[in-house]
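**Student:** This is structure03.cif, which holds mmCIF, C-alpha atoms:
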data_target
#
loop_
_atom_site.label_atom_id
_atom_site.label_comp_id
_atom_site.auth_asym_id
_atom_site.auth_seq_id
_atom_site.Cartn_x
_atom_site.Cartn_y
_atom_site.Cartn_z
CA MET A 1 45.52 -63.82 -0.40
CA SER A 2 42.41 -65.71 -1.44
CA THR A 3 39.19 -64.73 0.26
CA HIS A 4 37.15 -67.23 2.22
CA ALA A 5 34.49 -67.10 -0.48
CA LYS A 6 36.97 -67.94 -3.22
CA ARG A 7 38.41 -70.87 -1.31
CA GLU A 8 34.98 -72.24 -0.50
CA ARG A 9 33.90 -71.74 -4.11
CA LEU A 10 36.78 -73.88 -5.39
CA LEU A 11 36.21 -76.51 -2.72
CA LEU A 12 32.53 -76.70 -3.61
CA ALA A 13 33.38 -77.10 -7.31
CA ASP A 14 35.87 -79.86 -6.49
CA LEU A 15 33.36 -81.69 -4.30
CA LEU A 16 30.62 -81.45 -6.93
CA GLU A 17 32.98 -82.70 -9.60
CA ALA A 18 34.19 -85.63 -7.49
CA ALA A 19 30.65 -86.62 -6.48
CA GLY A 20 29.30 -86.63 -10.03
CA PRO A 21 25.94 -85.25 -11.25
CA ASP A 22 23.61 -87.73 -9.55
CA ALA A 23 24.90 -87.82 -5.98
CA PRO A 24 22.59 -86.89 -3.09
CA THR A 25 22.88 -83.63 -1.14
CA LEU A 26 21.34 -82.31 2.07
CA CYS A 27 19.13 -79.93 0.06
CA ASP A 28 15.81 -81.76 0.21
CA ASP A 29 15.32 -83.62 -3.08
CA TRP A 30 18.18 -81.92 -4.95
CA ASN A 31 21.02 -84.00 -6.31
CA THR A 32 24.42 -82.53 -7.09
CA ARG A 33 23.33 -81.43 -10.57
CA ASP A 34 20.41 -79.49 -9.08
CA LEU A 35 22.67 -77.88 -6.49
CA ALA A 36 25.23 -76.88 -9.13
CA ALA A 37 22.45 -75.33 -11.24
CA HIS A 38 21.21 -73.40 -8.20
CA VAL A 39 24.66 -71.94 -7.52
CA VAL A 40 25.11 -70.86 -11.15
CA VAL A 41 21.64 -69.32 -11.46
CA ARG A 42 22.04 -67.44 -8.18
CA GLU A 43 25.16 -65.70 -9.50
CA ARG A 44 24.37 -65.35 -13.18
CA ARG A 45 20.61 -64.86 -13.51
CA ALA A 46 19.53 -62.07 -11.20
CA ASP A 47 16.23 -61.90 -13.08
CA ALA A 48 15.38 -65.34 -11.72
CA ALA A 49 17.45 -65.63 -8.54
CA GLY A 50 15.08 -63.29 -6.72
CA GLY A 51 12.73 -66.25 -6.52
CA ILE A 52 14.86 -67.62 -3.71
CA LEU A 53 13.26 -65.03 -1.42
CA ILE A 54 10.32 -63.61 -3.41
CA LYS A 55 7.37 -65.95 -3.91
CA ALA A 56 6.15 -64.11 -7.00
CA LEU A 57 9.38 -65.06 -8.78
CA ALA A 58 9.53 -68.64 -7.53
CA ASP A 59 8.06 -70.20 -10.68
CA ARG A 60 10.48 -68.30 -12.89
CA LEU A 61 13.40 -69.41 -10.72
CA LYS A 62 12.25 -73.02 -10.91
CA ARG A 63 11.98 -72.85 -14.69
CA VAL A 64 15.36 -71.17 -15.23
CA GLN A 65 17.09 -73.49 -12.78
CA ALA A 66 15.65 -76.51 -14.59
CA GLU A 67 17.02 -75.13 -17.87
CA PHE A 68 20.50 -74.78 -16.37
CA ALA A 69 20.30 -78.26 -14.87
CA GLU A 70 20.01 -79.61 -18.40
CA LYS A 71 23.40 -78.17 -19.34
CA PRO A 72 26.42 -80.49 -19.37
CA TYR A 73 27.48 -81.07 -15.77
CA GLU A 74 31.10 -80.20 -16.57
CA GLU A 75 29.94 -76.82 -17.86
CA LEU A 76 28.11 -76.07 -14.62
CA ILE A 77 31.19 -76.96 -12.60
CA GLN A 78 33.35 -74.68 -14.74
CA LEU A 79 30.87 -71.80 -14.36
CA ILE A 80 31.09 -72.19 -10.58
CA ARG A 81 34.89 -72.27 -10.65
CA THR A 82 35.26 -69.20 -12.87
CA GLY A 83 32.78 -67.22 -10.83
CA PRO A 84 30.23 -64.61 -11.87
CA PRO A 85 30.51 -62.43 -14.99
CA ARG A 86 31.96 -58.92 -14.71
CA PHE A 87 28.59 -57.19 -14.67
CA SER A 88 27.37 -59.22 -11.69
CA PRO A 89 27.48 -57.61 -8.24
CA TYR A 90 29.10 -60.85 -7.07
CA ALA A 91 32.13 -59.98 -9.19
CA LEU A 92 33.04 -57.37 -6.58
CA LYS A 93 35.36 -58.92 -4.02
CA GLN A 94 33.58 -57.36 -1.06
CA VAL A 95 30.14 -58.51 -2.26
CA ASP A 96 31.44 -61.97 -3.07
CA GLU A 97 32.91 -62.36 0.40
CA ALA A 98 29.84 -61.03 2.18
CA ALA A 99 27.32 -63.03 0.15
CA ASN A 100 29.16 -66.22 -0.69
CA ALA A 101 31.56 -67.27 2.06
CA VAL A 102 28.80 -68.79 4.18
CA GLU A 103 26.70 -69.83 1.17
CA PHE A 104 29.50 -71.88 -0.35
CA TYR A 105 30.56 -73.31 3.00
CA VAL A 106 27.05 -74.62 3.68
CA HIS A 107 26.64 -76.02 0.18
CA ALA A 108 30.06 -77.67 0.29
CA GLU A 109 28.95 -79.38 3.49
CA ASP A 110 25.64 -80.25 1.80
CA VAL A 111 27.65 -82.34 -0.63
CA ARG A 112 30.15 -83.74 1.89
CA ARG A 113 27.71 -84.69 4.62
CA ALA A 114 25.25 -86.38 2.30
CA GLN A 115 27.85 -89.10 1.68
CA GLU A 116 27.93 -92.09 4.01
CA ASP A 117 31.69 -91.94 4.52
CA TRP A 118 31.97 -88.22 5.31
CA THR A 119 34.35 -87.14 8.03
CA PRO A 120 34.46 -83.92 10.09
CA ARG A 121 36.33 -81.05 8.48
CA GLU A 122 38.64 -78.96 10.64
CA LEU A 123 38.25 -75.26 9.85
CA ASP A 124 41.09 -72.81 10.21
CA PRO A 125 40.60 -70.39 13.12
CA VAL A 126 40.32 -67.30 10.92
CA PHE A 127 37.52 -68.78 8.84
CA SER A 128 35.82 -70.07 11.96
CA GLU A 129 35.82 -66.54 13.39
CA ALA A 130 34.41 -65.22 10.12
CA LEU A 131 31.57 -67.72 10.27
CA TRP A 132 30.80 -66.73 13.85
CA SER A 133 30.77 -63.05 12.96
CA ARG A 134 28.25 -63.68 10.17
CA LEU A 135 26.16 -65.93 12.38
CA GLU A 136 25.95 -63.32 15.14
CA LYS A 137 24.53 -60.82 12.65
CA ALA A 138 22.17 -63.23 10.89
CA ALA A 139 21.00 -65.45 13.75
CA ARG A 140 17.64 -63.77 14.30
CA VAL A 141 16.82 -63.84 10.59
CA LEU A 142 17.87 -67.45 10.15
CA CYS A 143 15.99 -68.56 13.26
CA ARG A 144 12.94 -66.36 12.94
CA GLY A 145 9.67 -68.03 13.79
CA VAL A 146 11.08 -70.98 15.72
CA PRO A 147 8.61 -72.09 18.39
CA VAL A 148 10.99 -71.76 21.37
CA GLY A 149 13.69 -69.46 22.64
CA LEU A 150 17.02 -70.23 21.04
CA VAL A 151 20.57 -69.34 22.08
CA LEU A 152 23.59 -70.33 19.98
CA ARG A 153 26.75 -70.77 22.06
CA ARG A 154 30.38 -71.41 21.23
CA PRO A 155 32.52 -73.62 23.49
CA ASN A 156 34.35 -70.43 24.59
CA GLY A 157 31.10 -69.06 26.03
CA GLN A 158 30.24 -66.49 23.34
CA THR A 159 26.55 -66.48 22.54
CA ALA A 160 24.13 -65.22 19.91
CA VAL A 161 20.38 -65.03 20.40
CA GLY A 162 18.57 -66.78 17.59
CA HIS A 163 15.07 -66.25 18.93
CA LYS A 164 13.64 -64.67 22.05
CA GLY A 165 11.08 -66.71 23.91
CA THR A 166 10.49 -69.40 26.51
CA PRO A 167 11.31 -72.13 27.15
CA VAL A 168 14.90 -71.64 25.99
CA VAL A 169 17.06 -74.18 24.20
CA THR A 170 20.81 -73.55 24.18
CA VAL A 171 22.69 -75.08 21.25
CA THR A 172 26.46 -75.37 21.72
CA GLY A 173 29.04 -76.07 19.05
CA GLU A 174 31.85 -74.67 16.94
CA PRO A 175 30.91 -71.83 14.58
CA GLY A 176 30.85 -74.07 11.51
CA GLU A 177 28.51 -76.54 13.22
CA LEU A 178 26.26 -73.79 14.58
CA THR A 179 26.10 -72.35 11.07
CA MET A 180 24.93 -75.69 9.70
CA PHE A 181 22.36 -75.92 12.49
CA ALA A 182 21.03 -72.42 11.90
CA PHE A 183 20.74 -73.11 8.17
CA GLY A 184 18.41 -76.01 8.85
CA ARG A 185 20.91 -78.87 8.79
CA GLN A 186 20.13 -79.90 12.37
CA ASP A 187 20.43 -83.63 11.72
CA VAL A 188 24.08 -83.46 10.68
CA ALA A 189 25.34 -80.60 12.87
CA ASP A 190 27.75 -81.62 15.63
CA VAL A 191 26.12 -79.67 18.45
CA GLN A 192 24.79 -80.24 21.96
CA GLN A 193 21.32 -79.08 22.91
CA GLU A 194 20.33 -78.15 26.44
CA GLY A 195 16.86 -77.36 27.67
CA ASP A 196 13.42 -78.79 28.23
CA LYS A 197 12.94 -82.08 26.36
CA ASP A 198 9.71 -80.98 24.71
CA ALA A 199 11.30 -77.68 23.67
CA ILE A 200 14.23 -79.51 22.08
CA GLU A 201 11.81 -81.73 20.14
CA LYS A 202 9.91 -78.68 18.89
CA LEU A 203 13.16 -77.04 17.82
CA HIS A 204 14.32 -80.17 16.03
CA GLY A 205 11.14 -80.27 14.00
CA ALA A 206 11.10 -76.56 13.21
CA LYS A 207 10.99 -75.83 9.49
CA GLN A 208 11.69 -72.15 10.00
CA LEU A 209 15.43 -72.57 10.48
CA GLY A 210 17.53 -71.54 7.53
CA LEU A 211 16.87 -69.59 4.36
#
Take the structure from the file and write it as structure tokens.

**Tutor:**
Amino acid sequence: MSTHAKRERLLLADLLEAAGPDAPTLCDDWNTRDLAAHVVVRERRADAAGGILIKALADRLKRVQAEFAEKPYEELIQLIRTGPPRFSPYALKQVDEAANAVEFYVHAEDVRRAQEDWTPRELDPVFSEALWSRLEKAARVLCRGVPVGLVLRRPNGQTAVGHKGTPVVTVTGEPGELTMFAFGRQDVADVQQEGDKDAIEKLHGAKQLGL
């Protein structure tokens, strides 16, 4: 059986291919070519990918990613489809699933939801549960530094604390939508927010959400 990461990888590649190299995404000023280059560098250039989290390596990451963005777009798509090389940690099924299932889901939605005619995607229950499990574990990291208390809640009542504090804003939605919200895609996440009006406005403007 295919893993969630593998399925999301192939979907992301298909979406990037269909959109073409110059389509917009939800990733700030990145177009689809930039996003494809990011995905490839993250898996294939560990010497540069550390710049995603380490400021000292940020310039190197920017330079290497720009080099990959100059490659033929079809080549980037094929590199995403085929996955990482054997020597990459991502080549291990367990690492791929842990590191990429959510990553590829979010980036696939970055492509889909940047299009004017996008429609909601119905996730299968197993994948939805997997997203919730990851979100429960990562919520406090993803939502660190937000200026208000934050609780993420599923329609079934399950909750995860994103940030302790007052006043508290409760954000309710399906796991996939809460994942998009926690990764900084608040504007396109299908969620409901409850709490003090000023607190909700502060949360909406928070730049600390997402990695």

**Student:** Using the chain letters and numbers from this file, what does the PyMOL selection byres ((chain A and resi 176) around 9) select? Give the answer as an MDAnalysis selection string.

**Tutor:** chainID A and resid 105:106 123 127:128 131:132 173:175 177:181 189

**Student:** Determine the residue set returned by the PyMOL selection byres ((chain A and resi 44) around 10) for the present structure, and present it as a list of chain:residue names.

**Tutor:** A:His38, A:Val39, A:Val40, A:Val41, A:Arg42, A:Glu43, A:Arg45, A:Ala46, A:Asp47, A:Ala48, A:Ala49, A:Leu79, A:Ile80, A:Gly83, A:Pro84, A:Pro85, A:Phe87, A:Ser88, A:Pro89, A:Tyr90

**Student:** Name the residues in contact with Val169 in chain A at a cut-off of 10 Å, using all atoms listed in the file, excluding same-chain residues fewer than 2 positions from it; report them as a PyMOL selection string.

**Tutor:** chain A and resi 148-152+163+165-167+171-172+193-197+199-200+202-203

**Student:** Could you name the residues that touch Leu12 in chain A at 9 Å or less, counting all atoms listed in the file, but leaving out those on the same chain fewer than 3 positions away, as a ChimeraX atom specification?

**Tutor:** /A:7-9,15-17,80-81,104-105,107-109,111

**Student:** Give me, please, the distance in Å between CA of Pro155 in chain A and CA of Gln186 in chain A, quoted to one decimal.

**Tutor:**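 CA of Pro155 in chain A sits 17.8 Å away from CA of Gln186 in chain A.
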
**Student:** Between CA of Ala98 in chain A and CA of Glu136 in chain A, measure the distance and give it in Å to one decimal.

**Tutor:**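 Here the two named atoms are 13.7 Å from each other.
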
**Student:** Please compute the CA of Thr25 in chain A-CA of Val102 in chain A distance, one decimal, in Å.

**Tutor:** 16.8 Å

**Student:** Rebuild N, CA and C atoms on range 159-176 of chain A, as a tab-separated table (two decimals), in the coordinates of the input?

**Tutor:**
chain	number	residue	atom	x	y	z
A	159	THR	N	27.90	-66.08	22.91
A	159	THR	CA	26.55	-66.48	22.54
A	159	THR	C	25.94	-65.51	21.53
A	160	ALA	N	24.95	-66.03	20.82
A	160	ALA	CA	24.13	-65.22	19.91
A	160	ALA	C	22.70	-65.66	20.09
A	161	VAL	N	21.80	-64.71	20.22
A	161	VAL	CA	20.38	-65.03	20.40
A	161	VAL	C	19.74	-65.26	19.03
A	162	GLY	N	19.24	-66.48	18.84
A	162	GLY	CA	18.57	-66.78	17.59
A	162	GLY	C	17.11	-66.39	17.62
A	163	HIS	N	16.50	-66.58	18.79
A	163	HIS	CA	15.07	-66.25	18.93
A	163	HIS	C	14.76	-66.02	20.40
A	164	LYS	N	14.05	-64.94	20.68
A	164	LYS	CA	13.64	-64.67	22.05
A	164	LYS	C	12.34	-65.40	22.34
A	165	GLY	N	12.28	-65.99	23.52
A	165	GLY	CA	11.08	-66.71	23.91
A	165	GLY	C	11.38	-67.69	25.02
A	166	THR	N	10.34	-68.37	25.48
A	166	THR	CA	10.49	-69.40	26.51
A	166	THR	C	9.66	-70.60	26.11
A	167	PRO	N	10.05	-71.79	26.50
A	167	PRO	CA	11.31	-72.13	27.15
A	167	PRO	C	12.49	-71.94	26.21
A	168	VAL	N	13.70	-71.91	26.77
A	168	VAL	CA	14.90	-71.64	25.99
A	168	VAL	C	15.70	-72.92	25.77
A	169	VAL	N	16.14	-73.10	24.53
A	169	VAL	CA	17.06	-74.18	24.20
A	169	VAL	C	18.40	-73.54	23.85
A	170	THR	N	19.46	-74.03	24.47
A	170	THR	CA	20.81	-73.55	24.18
A	170	THR	C	21.52	-74.60	23.33
A	171	VAL	N	22.00	-74.18	22.17
A	171	VAL	CA	22.69	-75.08	21.25
A	171	VAL	C	24.16	-74.71	21.24
A	172	THR	N	25.02	-75.64	21.59
A	172	THR	CA	26.46	-75.37	21.72
A	172	THR	C	27.24	-76.14	20.66
A	173	GLY	N	28.18	-75.42	20.03
A	173	GLY	CA	29.04	-76.07	19.05
A	173	GLY	C	30.02	-75.07	18.46
A	174	GLU	N	30.92	-75.55	17.63
A	174	GLU	CA	31.85	-74.67	16.94
A	174	GLU	C	31.09	-73.86	15.90
A	175	PRO	N	31.63	-72.70	15.52
A	175	PRO	CA	30.91	-71.83	14.58
A	175	PRO	C	30.44	-72.51	13.30
A	176	GLY	N	31.26	-73.38	12.73
A	176	GLY	CA	30.85	-74.07	11.51
A	176	GLY	C	29.64	-74.97	11.75
